[in-house]
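Source file work_13.json; content: JSON, C-alpha atoms and all ligand atoms.
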```
[["chain", "number", "residue", "atom", "x", "y", "z"],
["A", 1, "MET", "CA", -85.89, 26.89, -68.60],
["A", 2, "PRO", "CA", -84.98, 28.36, -65.17],
["A", 3, "HIS", "CA", -82.32, 26.74, -63.02],
["A", 4, "LEU", "CA", -84.16, 24.56, -60.51],
["A", 5, "ALA", "CA", -83.58, 23.76, -56.85],
["A", 6, "TYR", "CA", -85.41, 21.34, -54.58],
["A", 7, "VAL", "CA", -86.85, 22.63, -51.29],
["A", 8, "ASN", "CA", -89.09, 20.56, -49.04],
["A", 9, "GLY", "CA", -90.96, 18.62, -51.70],
["A", 10, "ARG", "CA", -90.94, 21.17, -54.52],
["A", 11, "TYR", "CA", -88.75, 21.90, -57.53],
["A", 12, "LEU", "CA", -88.55, 25.70, -57.78],
["A", 13, "PRO", "CA", -86.62, 28.23, -59.83],
["A", 14, "HIS", "CA", -83.38, 28.66, -57.89],
["A", 15, "ARG", "CA", -83.96, 32.37, -57.27],
["A", 16, "HIS", "CA", -87.36, 31.70, -55.69],
["A", 17, "ALA", "CA", -86.21, 28.73, -53.61],
["A", 18, "GLN", "CA", -86.32, 29.79, -49.97],
["A", 19, "VAL", "CA", -86.35, 28.40, -46.46],
["A", 20, "SER", "CA", -88.11, 29.73, -43.38],
["A", 21, "ILE", "CA", -86.38, 32.20, -41.06],
["A", 22, "ASP", "CA", -87.23, 29.66, -38.33],
["A", 23, "ASP", "CA", -85.23, 26.90, -39.99],
["A", 24, "ARG", "CA", -82.82, 25.42, -37.47],
["A", 25, "ALA", "CA", -80.09, 25.41, -40.10],
["A", 26, "SER", "CA", -79.88, 29.20, -40.03],
["A", 27, "GLN", "CA", -80.36, 29.67, -36.29],
["A", 28, "PHE", "CA", -78.25, 26.83, -34.90],
["A", 29, "ALA", "CA", -76.39, 25.25, -37.85],
["A", 30, "ASP", "CA", -78.48, 22.26, -36.74],
["A", 31, "ALA", "CA", -78.09, 20.57, -40.12],
["A", 32, "VAL", "CA", -75.95, 18.17, -42.10],
["A", 33, "TYR", "CA", -74.86, 18.30, -45.72],
["A", 34, "GLU", "CA", -73.09, 16.56, -48.58],
["A", 35, "VAL", "CA", -71.26, 17.78, -51.66],
["A", 36, "THR", "CA", -70.99, 15.30, -54.52],
["A", 37, "CYS", "CA", -69.07, 15.76, -57.76],
["A", 38, "ILE", "CA", -70.93, 15.27, -61.04],
["A", 39, "ALA", "CA", -68.80, 14.11, -63.96],
["A", 40, "ASN", "CA", -70.29, 13.16, -67.33],
["A", 41, "GLY", "CA", -73.73, 13.87, -65.90],
["A", 42, "ARG", "CA", -73.31, 11.25, -63.15],
["A", 43, "PRO", "CA", -72.29, 11.51, -59.51],
["A", 44, "VAL", "CA", -68.96, 10.25, -58.22],
["A", 45, "ASP", "CA", -69.32, 7.87, -55.24],
["A", 46, "HIS", "CA", -73.01, 8.63, -54.77],
["A", 47, "ALA", "CA", -73.33, 5.62, -52.44],
["A", 48, "GLY", "CA", -70.50, 6.86, -50.21],
["A", 49, "HIS", "CA", -72.15, 10.26, -49.83],
["A", 50, "LEU", "CA", -75.53, 8.69, -49.04],
["A", 51, "THR", "CA", -73.94, 6.47, -46.41],
["A", 52, "ARG", "CA", -72.19, 9.43, -44.81],
["A", 53, "ILE", "CA", -75.27, 11.70, -44.67],
["A", 54, "THR", "CA", -77.28, 8.84, -43.18],
["A", 55, "ARG", "CA", -74.58, 8.47, -40.51],
["A", 56, "SER", "CA", -74.40, 12.24, -39.85],
["A", 57, "LEU", "CA", -78.21, 12.32, -39.41],
["A", 58, "LYS", "CA", -78.07, 9.40, -37.01],
["A", 59, "GLU", "CA", -75.24, 10.93, -34.95],
["A", 60, "LEU", "CA", -77.31, 14.13, -34.54],
["A", 61, "ARG", "CA", -80.57, 12.19, -33.97],
["A", 62, "ILE", "CA", -82.33, 13.93, -36.87],
["A", 63, "SER", "CA", -85.09, 11.52, -37.86],
["A", 64, "GLY", "CA", -87.71, 11.48, -40.59],
["A", 65, "ALA", "CA", -85.40, 12.57, -43.43],
["A", 66, "PRO", "CA", -86.07, 11.20, -46.93],
["A", 67, "SER", "CA", -84.66, 7.76, -47.61],
["A", 68, "ALA", "CA", -81.50, 7.27, -49.66],
["A", 69, "ALA", "CA", -83.66, 6.17, -52.61],
["A", 70, "VAL", "CA", -85.80, 9.34, -52.43],
["A", 71, "LEU", "CA", -82.70, 11.54, -52.16],
["A", 72, "THR", "CA", -81.33, 9.77, -55.23],
["A", 73, "VAL", "CA", -84.48, 10.51, -57.23],
["A", 74, "ILE", "CA", -84.30, 14.20, -56.23],
["A", 75, "CYS", "CA", -80.59, 14.44, -57.16],
["A", 76, "ARG", "CA", -81.20, 12.69, -60.46],
["A", 77, "GLU", "CA", -84.10, 14.99, -61.32],
["A", 78, "LEU", "CA", -82.03, 18.10, -60.62],
["A", 79, "VAL", "CA", -79.03, 16.89, -62.60],
["A", 80, "ARG", "CA", -81.33, 16.01, -65.49],
["A", 81, "ARG", "CA", -83.57, 19.08, -65.42],
["A", 82, "ASN", "CA", -80.63, 21.46, -64.98],
["A", 83, "ARG", "CA", -78.66, 19.58, -67.65],
["A", 84, "ILE", "CA", -75.53, 19.36, -65.51],
["A", 85, "THR", "CA", -72.71, 17.35, -67.04],
["A", 86, "ARG", "CA", -69.91, 18.67, -64.84],
["A", 87, "GLY", "CA", -70.62, 20.21, -61.47],
["A", 88, "ILE", "CA", -71.73, 19.55, -57.92],
["A", 89, "ILE", "CA", -74.80, 18.39, -56.06],
["A", 90, "TYR", "CA", -75.41, 19.98, -52.65],
["A", 91, "ILE", "CA", -77.74, 18.26, -50.17],
["A", 92, "GLN", "CA", -78.63, 19.88, -46.86],
["A", 93, "ILE", "CA", -80.95, 18.41, -44.24],
["A", 94, "SER", "CA", -81.80, 20.41, -41.11],
["A", 95, "ARG", "CA", -83.75, 19.39, -38.03],
["A", 96, "GLY", "CA", -86.64, 21.43, -39.41],
["A", 97, "ILE", "CA", -88.61, 24.59, -38.80],
["A", 98, "ALA", "CA", -89.70, 25.52, -35.29],
["A", 99, "PRO", "CA", -89.84, 28.60, -33.03],
["A", 100, "ARG", "CA", -86.32, 29.25, -31.77],
["A", 101, "ALA", "CA", -85.44, 27.14, -28.71],
["A", 102, "HIS", "CA", -82.16, 25.34, -28.14],
["A", 103, "GLY", "CA", -83.63, 21.93, -27.33],
["A", 104, "PHE", "CA", -84.91, 19.70, -30.11],
["A", 105, "PRO", "CA", -88.43, 20.56, -31.40],
["A", 106, "ALA", "CA", -91.36, 18.12, -31.13],
["A", 107, "ALA", "CA", -90.91, 14.83, -32.96],
["A", 108, "SER", "CA", -93.70, 15.91, -35.34],
["A", 109, "VAL", "CA", -91.39, 18.59, -36.83],
["A", 110, "LYS", "CA", -90.06, 17.25, -40.13],
["A", 111, "PRO", "CA", -86.50, 17.85, -41.32],
["A", 112, "SER", "CA", -86.01, 20.52, -44.00],
["A", 113, "VAL", "CA", -84.41, 19.29, -47.20],
["A", 114, "ILE", "CA", -82.60, 21.45, -49.74],
["A", 115, "VAL", "CA", -80.92, 20.03, -52.83],
["A", 116, "THR", "CA", -79.18, 22.01, -55.56],
["A", 117, "ALA", "CA", -77.18, 20.95, -58.60],
["A", 118, "ARG", "CA", -75.05, 23.41, -60.50],
["A", 119, "ALA", "CA", -72.33, 23.47, -63.11],
["A", 120, "VAL", "CA", -68.86, 23.96, -61.65],
["A", 121, "ALA", "CA", -65.50, 23.63, -63.41],
["A", 122, "PRO", "CA", -63.24, 20.82, -62.17],
["A", 123, "PRO", "CA", -60.22, 21.72, -60.02],
["A", 124, "SER", "CA", -57.62, 23.52, -62.13],
["A", 125, "GLU", "CA", -55.28, 21.29, -64.16],
["A", 126, "THR", "CA", -52.69, 24.06, -64.23],
["A", 127, "VAL", "CA", -52.59, 24.39, -60.44],
["A", 128, "ALA", "CA", -52.41, 20.60, -60.09],
["A", 129, "GLU", "CA", -49.51, 20.41, -62.55],
["A", 130, "GLN", "CA", -47.53, 23.13, -60.80],
["A", 131, "GLY", "CA", -48.53, 22.17, -57.28],
["A", 132, "ALA", "CA", -50.35, 24.42, -54.85],
["A", 133, "LYS", "CA", -49.42, 26.46, -51.79],
["A", 134, "VAL", "CA", -51.18, 26.08, -48.44],
["A", 135, "ILE", "CA", -51.02, 28.04, -45.22],
["A", 136, "THR", "CA", -51.53, 26.67, -41.70],
["A", 137, "ALA", "CA", -53.83, 27.53, -38.81],
["A", 138, "GLU", "CA", -54.72, 26.04, -35.47],
["A", 139, "ASP", "CA", -57.69, 23.69, -35.68],
["A", 140, "ILE", "CA", -60.29, 25.47, -33.52],
["A", 141, "ARG", "CA", -63.28, 23.31, -34.59],
["A", 142, "TRP", "CA", -65.56, 21.32, -32.30],
["A", 143, "GLY", "CA", -64.90, 17.77, -31.14],
["A", 144, "ARG", "CA", -67.06, 15.99, -33.75],
["A", 145, "CYS", "CA", -65.51, 16.85, -37.09],
["A", 146, "ASP", "CA", -66.57, 13.40, -38.35],
["A", 147, "ILE", "CA", -70.17, 14.67, -38.55],
["A", 148, "LYS", "CA", -70.62, 16.62, -41.77],
["A", 149, "SER", "CA", -72.61, 19.41, -40.13],
["A", 150, "THR", "CA", -73.14, 22.91, -41.49],
["A", 151, "SER", "CA", -71.37, 24.37, -38.41],
["A", 152, "LEU", "CA", -68.54, 25.51, -40.65],
["A", 153, "LEU", "CA", -67.54, 28.88, -39.24],
["A", 154, "PRO", "CA", -63.98, 27.81, -38.24],
["A", 155, "ASN", "CA", -63.61, 26.22, -41.71],
["A", 156, "VAL", "CA", -64.86, 29.41, -43.33],
["A", 157, "LEU", "CA", -62.34, 31.52, -41.38],
["A", 158, "ALA", "CA", -59.52, 29.11, -42.22],
["A", 159, "ARG", "CA", -60.39, 29.15, -45.92],
["A", 160, "GLN", "CA", -60.71, 32.94, -45.98],
["A", 161, "ALA", "CA", -57.21, 33.18, -44.50],
["A", 162, "ALA", "CA", -56.03, 31.06, -47.46],
["A", 163, "VAL", "CA", -57.89, 33.27, -49.93],
["A", 164, "GLU", "CA", -56.26, 36.37, -48.45],
["A", 165, "ALA", "CA", -52.82, 34.72, -48.55],
["A", 166, "LYS", "CA", -53.41, 33.66, -52.18],
["A", 167, "ALA", "CA", -53.07, 30.06, -51.05],
["A", 168, "PHE", "CA", -55.09, 27.04, -52.16],
["A", 169, "GLU", "CA", -56.07, 25.78, -48.69],
["A", 170, "THR", "CA", -55.33, 25.98, -44.98],
["A", 171, "LEU", "CA", -53.85, 22.99, -43.17],
["A", 172, "LEU", "CA", -55.22, 22.67, -39.65],
["A", 173, "TYR", "CA", -53.12, 21.52, -36.70],
["A", 174, "THR", "CA", -53.91, 20.73, -33.09],
["A", 175, "PRO", "CA", -52.24, 22.43, -30.09],
["A", 176, "GLU", "CA", -49.96, 19.36, -30.02],
["A", 177, "GLY", "CA", -48.86, 20.11, -33.59],
["A", 178, "MET", "CA", -50.68, 17.22, -35.29],
["A", 179, "VAL", "CA", -52.13, 17.92, -38.74],
["A", 180, "THR", "CA", -55.81, 16.94, -38.77],
["A", 181, "GLU", "CA", -57.03, 17.95, -42.26],
["A", 182, "ALA", "CA", -57.65, 21.16, -44.21],
["A", 183, "SER", "CA", -60.64, 23.53, -44.25],
["A", 184, "ALA", "CA", -62.52, 21.46, -46.88],
["A", 185, "SER", "CA", -60.20, 18.59, -47.79],
["A", 186, "ASN", "CA", -58.21, 15.76, -46.21],
["A", 187, "ALA", "CA", -54.44, 16.07, -45.75],
["A", 188, "TRP", "CA", -51.72, 13.56, -46.65],
["A", 189, "MET", "CA", -47.94, 13.29, -46.69],
["A", 190, "VAL", "CA", -45.40, 10.83, -48.08],
["A", 191, "ASP", "CA", -42.56, 9.96, -45.70],
["A", 192, "LYS", "CA", -38.91, 9.25, -46.57],
["A", 193, "ASP", "CA", -39.70, 5.53, -47.09],
["A", 194, "GLY", "CA", -42.42, 6.32, -49.61],
["A", 195, "THR", "CA", -45.27, 5.45, -47.24],
["A", 196, "ILE", "CA", -48.38, 7.62, -47.45],
["A", 197, "LEU", "CA", -49.67, 8.92, -44.12],
["A", 198, "THR", "CA", -53.09, 10.39, -43.41],
["A", 199, "HIS", "CA", -54.92, 11.09, -40.13],
["A", 200, "PRO", "CA", -56.90, 8.03, -38.96],
["A", 201, "LEU", "CA", -60.68, 8.16, -38.90],
["A", 202, "GLY", "CA", -62.12, 9.44, -35.64],
["A", 203, "HIS", "CA", -63.80, 12.53, -34.23],
["A", 204, "GLU", "CA", -60.96, 14.84, -35.34],
["A", 205, "ILE", "CA", -61.50, 14.64, -39.12],
["A", 206, "LEU", "CA", -64.19, 14.19, -41.70],
["A", 207, "GLY", "CA", -64.07, 10.69, -43.18],
["A", 208, "GLY", "CA", -63.67, 11.89, -46.76],
["A", 209, "VAL", "CA", -65.35, 9.89, -49.50],
["A", 210, "THR", "CA", -62.41, 10.85, -51.73],
["A", 211, "ARG", "CA", -60.01, 9.80, -48.93],
["A", 212, "ALA", "CA", -61.54, 6.30, -48.94],
["A", 213, "ALA", "CA", -61.28, 6.07, -52.74],
["A", 214, "VAL", "CA", -57.66, 7.27, -52.72],
["A", 215, "ILE", "CA", -56.62, 4.79, -50.02],
["A", 216, "LYS", "CA", -57.96, 2.03, -52.24],
["A", 217, "LEU", "CA", -56.29, 3.44, -55.35],
["A", 218, "ALA", "CA", -52.95, 3.70, -53.51],
["A", 219, "LYS", "CA", -53.20, 0.10, -52.34],
["A", 220, "ASP", "CA", -54.07, -1.03, -55.87],
["A", 221, "ALA", "CA", -50.97, 0.83, -57.10],
["A", 222, "GLY", "CA", -48.84, -0.98, -54.50],
["A", 223, "ILE", "CA", -48.11, 2.22, -52.56],
["A", 224, "PRO", "CA", -48.10, 1.59, -48.78],
["A", 225, "VAL", "CA", -50.65, 3.63, -46.78],
["A", 226, "LYS", "CA", -50.66, 4.14, -43.01],
["A", 227, "GLU", "CA", -53.60, 5.83, -41.37],
["A", 228, "ARG", "CA", -51.66, 7.60, -38.64],
["A", 229, "ALA", "CA", -51.53, 11.23, -37.56],
["A", 230, "PHE", "CA", -48.45, 13.22, -38.54],
["A", 231, "THR", "CA", -47.04, 16.47, -37.18],
["A", 232, "LEU", "CA", -46.68, 19.71, -39.04],
["A", 233, "GLN", "CA", -42.91, 19.29, -38.63],
["A", 234, "GLU", "CA", -43.10, 15.91, -40.38],
["A", 235, "ALA", "CA", -45.16, 17.47, -43.20],
["A", 236, "LEU", "CA", -42.57, 20.21, -43.71],
["A", 237, "ALA", "CA", -39.83, 17.58, -44.04],
["A", 238, "ALA", "CA", -41.96, 15.24, -46.17],
["A", 239, "ARG", "CA", -41.18, 13.97, -49.65],
["A", 240, "GLU", "CA", -44.67, 15.02, -50.68],
["A", 241, "VAL", "CA", -47.78, 16.65, -49.28],
["A", 242, "PHE", "CA", -51.16, 16.53, -50.97],
["A", 243, "LEU", "CA", -54.87, 17.07, -50.36],
["A", 244, "THR", "CA", -57.97, 15.17, -51.43],
["A", 245, "GLY", "CA", -61.67, 16.01, -51.58],
["A", 246, "THR", "CA", -64.76, 16.17, -53.77],
["A", 247, "THR", "CA", -63.88, 19.65, -55.00],
["A", 248, "THR", "CA", -60.11, 19.07, -54.88],
["A", 249, "PHE", "CA", -59.62, 15.59, -56.38],
["A", 250, "VAL", "CA", -55.92, 14.96, -55.60],
["A", 251, "MET", "CA", -53.99, 18.23, -55.28],
["A", 252, "PRO", "CA", -50.19, 18.19, -54.89],
["A", 253, "ILE", "CA", -48.92, 20.75, -52.35],
["A", 254, "VAL", "CA", -45.48, 22.21, -52.95],
["A", 255, "GLN", "CA", -45.36, 24.95, -50.33],
["A", 256, "VAL", "CA", -46.58, 25.10, -46.72],
["A", 257, "ASP", "CA", -46.43, 28.67, -45.37],
["A", 258, "ASP", "CA", -42.92, 29.81, -46.33],
["A", 259, "ARG", "CA", -41.46, 26.32, -46.60],
["A", 260, "VAL", "CA", -41.02, 24.64, -49.97],
["A", 261, "ILE", "CA", -41.76, 20.91, -49.85],
["A", 262, "ALA", "CA", -38.96, 18.68, -51.21],
["A", 263, "ASN", "CA", -37.81, 20.13, -54.55],
["A", 264, "GLY", "CA", -40.89, 22.33, -54.97],
["A", 265, "ALA", "CA", -42.52, 20.23, -57.71],
["A", 266, "PRO", "CA", -45.46, 17.78, -57.45],
["A", 267, "GLY", "CA", -44.15, 14.36, -56.45],
["A", 268, "THR", "CA", -44.60, 11.00, -58.13],
["A", 269, "VAL", "CA", -47.08, 9.65, -55.57],
["A", 270, "ALA", "CA", -49.47, 12.61, -55.79],
["A", 271, "ARG", "CA", -49.19, 12.68, -59.58],
["A", 272, "THR", "CA", -49.84, 8.94, -59.82],
["A", 273, "LEU", "CA", -52.82, 9.11, -57.48],
["A", 274, "ARG", "CA", -54.26, 12.11, -59.29],
["A", 275, "ALA", "CA", -54.06, 10.29, -62.63],
["A", 276, "ARG", "CA", -55.63, 7.19, -61.09],
["A", 277, "TYR", "CA", -58.35, 9.26, -59.46],
["A", 278, "LEU", "CA", -59.25, 10.94, -62.75],
["A", 279, "ALA", "CA", -59.48, 7.51, -64.38],
["A", 280, "TYR", "CA", -61.56, 6.27, -61.41],
["A", 281, "ILE", "CA", -64.02, 9.15, -61.82],
["A", 282, "ALA", "CA", -64.46, 8.36, -65.49],
["A", 283, "HIS", "CA", -65.19, 4.72, -64.64],
["A", 284, "VAL", "CA", -67.25, 5.05, -61.46],
["A", 285, "THR", "CA", -69.73, 7.39, -63.11],
["A", 286, "GLU", "CA", -70.75, 4.58, -65.43],
["A", 287, "THR", "CA", -71.12, 1.92, -62.79],
["A", 288, "ASP", "CA", -72.51, 3.52, -59.59],
["A", 289, "ALA", "CA", -75.33, 1.16, -58.67],
["A", 290, "ALA", "CA", -76.80, 3.52, -56.02],
["A", 291, "TRP", "CA", -77.56, 6.07, -58.76],
["A", 292, "ASN", "CA", -79.33, 3.54, -60.95],
["A", 293, "VAL", "CA", -82.10, 2.62, -58.46],
["A", 301, "LIG", "N1", -65.90, 19.33, -48.08],
["A", 301, "LIG", "N2", -62.59, 17.53, -44.72],
["A", 301, "LIG", "C1", -63.47, 18.55, -44.65],
["A", 301, "LIG", "C2", -63.48, 19.42, -43.43],
["A", 301, "LIG", "C3", -64.37, 18.77, -45.71],
["A", 301, "LIG", "O1", -65.26, 19.75, -45.62],
["A", 301, "LIG", "C4", -64.31, 17.94, -46.86],
["A", 301, "LIG", "C5", -65.23, 18.12, -48.03],
["A", 301, "LIG", "C6", -63.36, 16.91, -46.88],
["A", 301, "LIG", "C7", -63.26, 15.95, -48.03],
["A", 301, "LIG", "O2", -64.36, 15.06, -48.02],
["A", 301, "LIG", "P1", -64.91, 14.41, -49.39],
["A", 301, "LIG", "O3", -63.76, 13.70, -50.02],
["A", 301, "LIG", "O4", -65.96, 13.46, -48.95],
["A", 301, "LIG", "O5", -65.41, 15.55, -50.20],
["A", 301, "LIG", "C8", -62.53, 16.72, -45.79],
["A", 301, "LIG", "C9", -66.85, 19.64, -49.12],
["A", 301, "LIG", "C10", -66.31, 19.47, -50.49],
["A", 301, "LIG", "C11", -67.42, 21.03, -48.85],
["A", 301, "LIG", "O6", -67.62, 21.34, -47.68],
["A", 301, "LIG", "O7", -67.68, 21.77, -49.80]]
```
Could you render the structure as structure tokens?
Ligand code: PDD
Amino acid sequence: MPHLAYVNGRYLPHRHAQVSIDDRASQFADAVYEVTCIANGRPVDHAGHLTRITRSLKELRISGAPSAAVLTVICRELVRRNRITRGIIYIQISRGIAPRAHGFPAASVKPSVIVTARAVAPPSETVAEQGAKVITAEDIRWGRCDIKSTSLLPNVLARQAAVEAKAFETLLYTPEGMVTEASASNAWMVDKDGTILTHPLGHEILGGVTRAAVIKLAKDAGIPVKERAFTLQEALAAREVFLTGTTTFVMPIVQVDDRVIANGAPGTVARTLRARYLAYIAHVTETDAAWNV
């Protein structure tokens, strides 16, 4: 059976699944997306991803997209038909297909919907056990990083810099030296008192679904969390630095550019939260009500 993708109402073999050259996603990155982890054949935090894409659509005034229930049916079909037990779902919704013009097309133009589901290995256990290295770069993205739009060119360039430096990720900082997040994950540090810090929600970062889960897990574990921005200097002097995200889980960071963090080994907080997150994934996949509609 061929690997299937969903495009605008049809399930097609992935290699034949295509969008129009007039799709606004390709011409203007006028589109939003979600990436959800599938574990044991079920999505992790499906409801959180649906809530965020609904918000992204609203912020960009893209109307007429399929409802959350319809998106769920499509995702479920693809996971089932492609027999994915461990992997990712990708959802992309653009403002639709129309002759190129910067302003929005007529209201009658329907959004374009692409959904794929494919097998992907989980983030490496070995890297997580040893701790990863990151590099840094100035955050040159637009002023609405809270919208999960496909305008990802600065993220792409930041990640490519990491690839070329044989690093796991790139931490982004503002001209004032504040760490916002990383190219495709949220950034955290643990200060000398053992408090976890992460950038507060706002236009500067993506409100990570994993970030929300990890804040809850930390609180449950009795580890204090403060949602406040920290500087790159603070991160370099931190007890621990780590990243979170759908494709990252909880990843301890032991080196930032040339600076080794603390003693160069993953810290207790990151290791505890990673273990709790893995347990959470195993549990949430059995109980996610949004998937069982
Ligand atoms: N990215 N920050 C950015 C800029 C991201 O792109 C992502 C996720 C995150 C983490 O969000 P979440 O925990 O909801 O995955 C933070 C996905 C994985 C991607 O673009 O592939």
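Of the listed residues A:Gln27, A:Thr210, A:Asn8, A:Gln233, the one whose atoms come nearest to A:His102 is A:Gln27, with distances taken using all atoms listed in the file.
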Residues near A:Lys192, cut-off 12 Å, only C-alpha atoms, skip fewer than 4 positions along chain, as a PyMOL selection string: chain A and resi 196-197+234-241+262
Residues just named, written with C-alpha atoms as a PDB file, in the frame of the given file:
```
ATOM      1  CA  ILE A 196     -48.380   7.620 -47.450  1.00  0.00           C
ATOM      2  CA  LEU A 197     -49.670   8.920 -44.120  1.00  0.00           C
ATOM      3  CA  GLU A 234     -43.100  15.910 -40.380  1.00  0.00           C
ATOM      4  CA  ALA A 235     -45.160  17.470 -43.200  1.00  0.00           C
ATOM      5  CA  LEU A 236     -42.570  20.210 -43.710  1.00  0.00           C
ATOM      6  CA  ALA A 237     -39.830  17.580 -44.040  1.00  0.00           C
ATOM      7  CA  ALA A 238     -41.960  15.240 -46.170  1.00  0.00           C
ATOM      8  CA  ARG A 239     -41.180  13.970 -49.650  1.00  0.00           C
ATOM      9  CA  GLU A 240     -44.670  15.020 -50.680  1.00  0.00           C
ATOM     10  CA  VAL A 241     -47.780  16.650 -49.280  1.00  0.00           C
ATOM     11  CA  ALA A 262     -38.960  18.680 -51.210  1.00  0.00           C
TER      12      ALA A 262
END
```
Residues within 9 Å of A:Cys75, all atoms listed in the file, excluding chain neighbours under 2 positions, as a PyMOL selection string: chain A and resi 6+70-73+77-80+89-91+115-117
Could you list the protein, DNA and RNA residues that have any atom within 10 Å of ligand LIG 301 (chain A), counting only C-alpha atoms and all ligand atoms, and write them as a compact mmCIF listing (two decimals) with C-alpha atoms, in the frame of the given file?
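Wrote it out as selection_26.txt, contents follow:
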```
# COMPACT_ATOMS: atom_id res chain seq x y z
CA TYR A 33 -74.86 18.30 -45.72
CA GLU A 34 -73.09 16.56 -48.58
CA VAL A 35 -71.26 17.78 -51.66
CA THR A 36 -70.99 15.30 -54.52
CA CYS A 37 -69.07 15.76 -57.76
CA ASP A 45 -69.32 7.87 -55.24
CA GLY A 48 -70.50 6.86 -50.21
CA HIS A 49 -72.15 10.26 -49.83
CA ARG A 52 -72.19 9.43 -44.81
CA ILE A 88 -71.73 19.55 -57.92
CA TYR A 90 -75.41 19.98 -52.65
CA ARG A 141 -63.28 23.31 -34.59
CA CYS A 145 -65.51 16.85 -37.09
CA ASP A 146 -66.57 13.40 -38.35
CA ILE A 147 -70.17 14.67 -38.55
CA LYS A 148 -70.62 16.62 -41.77
CA SER A 149 -72.61 19.41 -40.13
CA THR A 150 -73.14 22.91 -41.49
CA LEU A 152 -68.54 25.51 -40.65
CA PRO A 154 -63.98 27.81 -38.24
CA ASN A 155 -63.61 26.22 -41.71
CA VAL A 156 -64.86 29.41 -43.33
CA LEU A 172 -55.22 22.67 -39.65
CA THR A 180 -55.81 16.94 -38.77
CA GLU A 181 -57.03 17.95 -42.26
CA ALA A 182 -57.65 21.16 -44.21
CA SER A 183 -60.64 23.53 -44.25
CA ALA A 184 -62.52 21.46 -46.88
CA SER A 185 -60.20 18.59 -47.79
CA ASN A 186 -58.21 15.76 -46.21
CA ALA A 187 -54.44 16.07 -45.75
CA GLU A 204 -60.96 14.84 -35.34
CA ILE A 205 -61.50 14.64 -39.12
CA LEU A 206 -64.19 14.19 -41.70
CA GLY A 207 -64.07 10.69 -43.18
CA GLY A 208 -63.67 11.89 -46.76
CA VAL A 209 -65.35 9.89 -49.50
CA THR A 210 -62.41 10.85 -51.73
CA ARG A 211 -60.01 9.80 -48.93
CA ALA A 212 -61.54 6.30 -48.94
CA ALA A 213 -61.28 6.07 -52.74
CA VAL A 214 -57.66 7.27 -52.72
CA LEU A 243 -54.87 17.07 -50.36
CA THR A 244 -57.97 15.17 -51.43
CA GLY A 245 -61.67 16.01 -51.58
CA THR A 246 -64.76 16.17 -53.77
CA THR A 247 -63.88 19.65 -55.00
CA THR A 248 -60.11 19.07 -54.88
CA PHE A 249 -59.62 15.59 -56.38
CA VAL A 250 -55.92 14.96 -55.60
```
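Using only C-alpha atoms for every distance, the candidate list A:Ile74, A:Met189, A:Ala167, A:Val254 yields A:Met189 as the residue closest to A:Phe230.
Picture a line from atom CA of A:Gly9 to atom CA of A:Asn40; it runs 26.5 Å.
All residues of protein, DNA or RNA that reach within 8 Å of A:Ala132, judged by only C-alpha atoms and not counting those fewer than 4 positions away in the chain, are Val127, Ala128, Ala167, Phe168, Met251, Pro252, Ile253, Val254 and Gln255 of chain A.
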Output file for the selection above: C-alpha atoms, as an mmCIF file, in the frame of the given file:
```cif
data_model
loop_
_atom_site.group_PDB
_atom_site.id
_atom_site.type_symbol
_atom_site.label_atom_id
_atom_site.label_comp_id
_atom_site.auth_asym_id
_atom_site.auth_seq_id
_atom_site.Cartn_x
_atom_site.Cartn_y
_atom_site.Cartn_z
ATOM 1 C CA VAL A 127 -52.590 24.390 -60.440
ATOM 2 C CA ALA A 128 -52.410 20.600 -60.090
ATOM 3 C CA ALA A 167 -53.070 30.060 -51.050
ATOM 4 C CA PHE A 168 -55.090 27.040 -52.160
ATOM 5 C CA MET A 251 -53.990 18.230 -55.280
ATOM 6 C CA PRO A 252 -50.190 18.190 -54.890
ATOM 7 C CA ILE A 253 -48.920 20.750 -52.350
ATOM 8 C CA VAL A 254 -45.480 22.210 -52.950
ATOM 9 C CA GLN A 255 -45.360 24.950 -50.330
#
```
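With all atoms listed in the file as the basis for measurement, A:Leu217 is the residue among A:Leu217, A:Ala162, A:Ile93, A:Ile114 that approaches A:Ala270 most closely.
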Which residue of A:His203, A:Leu157, A:Ala106, A:Lys226 approaches A:Trp142 most closely, using only C-alpha atoms: A:His203
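When atom CA of A:His199 is paired with atom CA of A:Val179, their separation reads 7.5 Å.
Of the residues under consideration (A:Glu169, A:Ala119, A:Asn82, A:Lys216), A:Asn82 shows the shortest atom-to-atom contact distance to A:Met1 when counting only C-alpha atoms.
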Contacts of A:Ala282 at 9 Å (only C-alpha atoms; same-chain gap of 4+ positions) as a list of chain:residue names: A:Ala39, A:Asn40, A:Val44, A:Tyr277, A:Leu278, A:Glu286
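Between atom CA of A:His46 and atom CA of A:Arg118 there is a distance of 16.0 Å.
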Given 3 Å of margin on each side, can you work out the centre and size in Å (one decimal) of an axis-aligned box holding every listed atom of stretch 2-14 of chain A, as lines of an AutoDock Vina configuration file?
```
center_x = -86.6
center_y = 23.6
center_z = -57.1
size_x = 14.6
size_y = 16.0
size_z = 22.1
```
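Counting all atoms listed in the file, the residue from A:Thr136, A:Gln160, A:Thr195, A:Ser26 that sits nearest to A:Tyr173 is A:Thr136.
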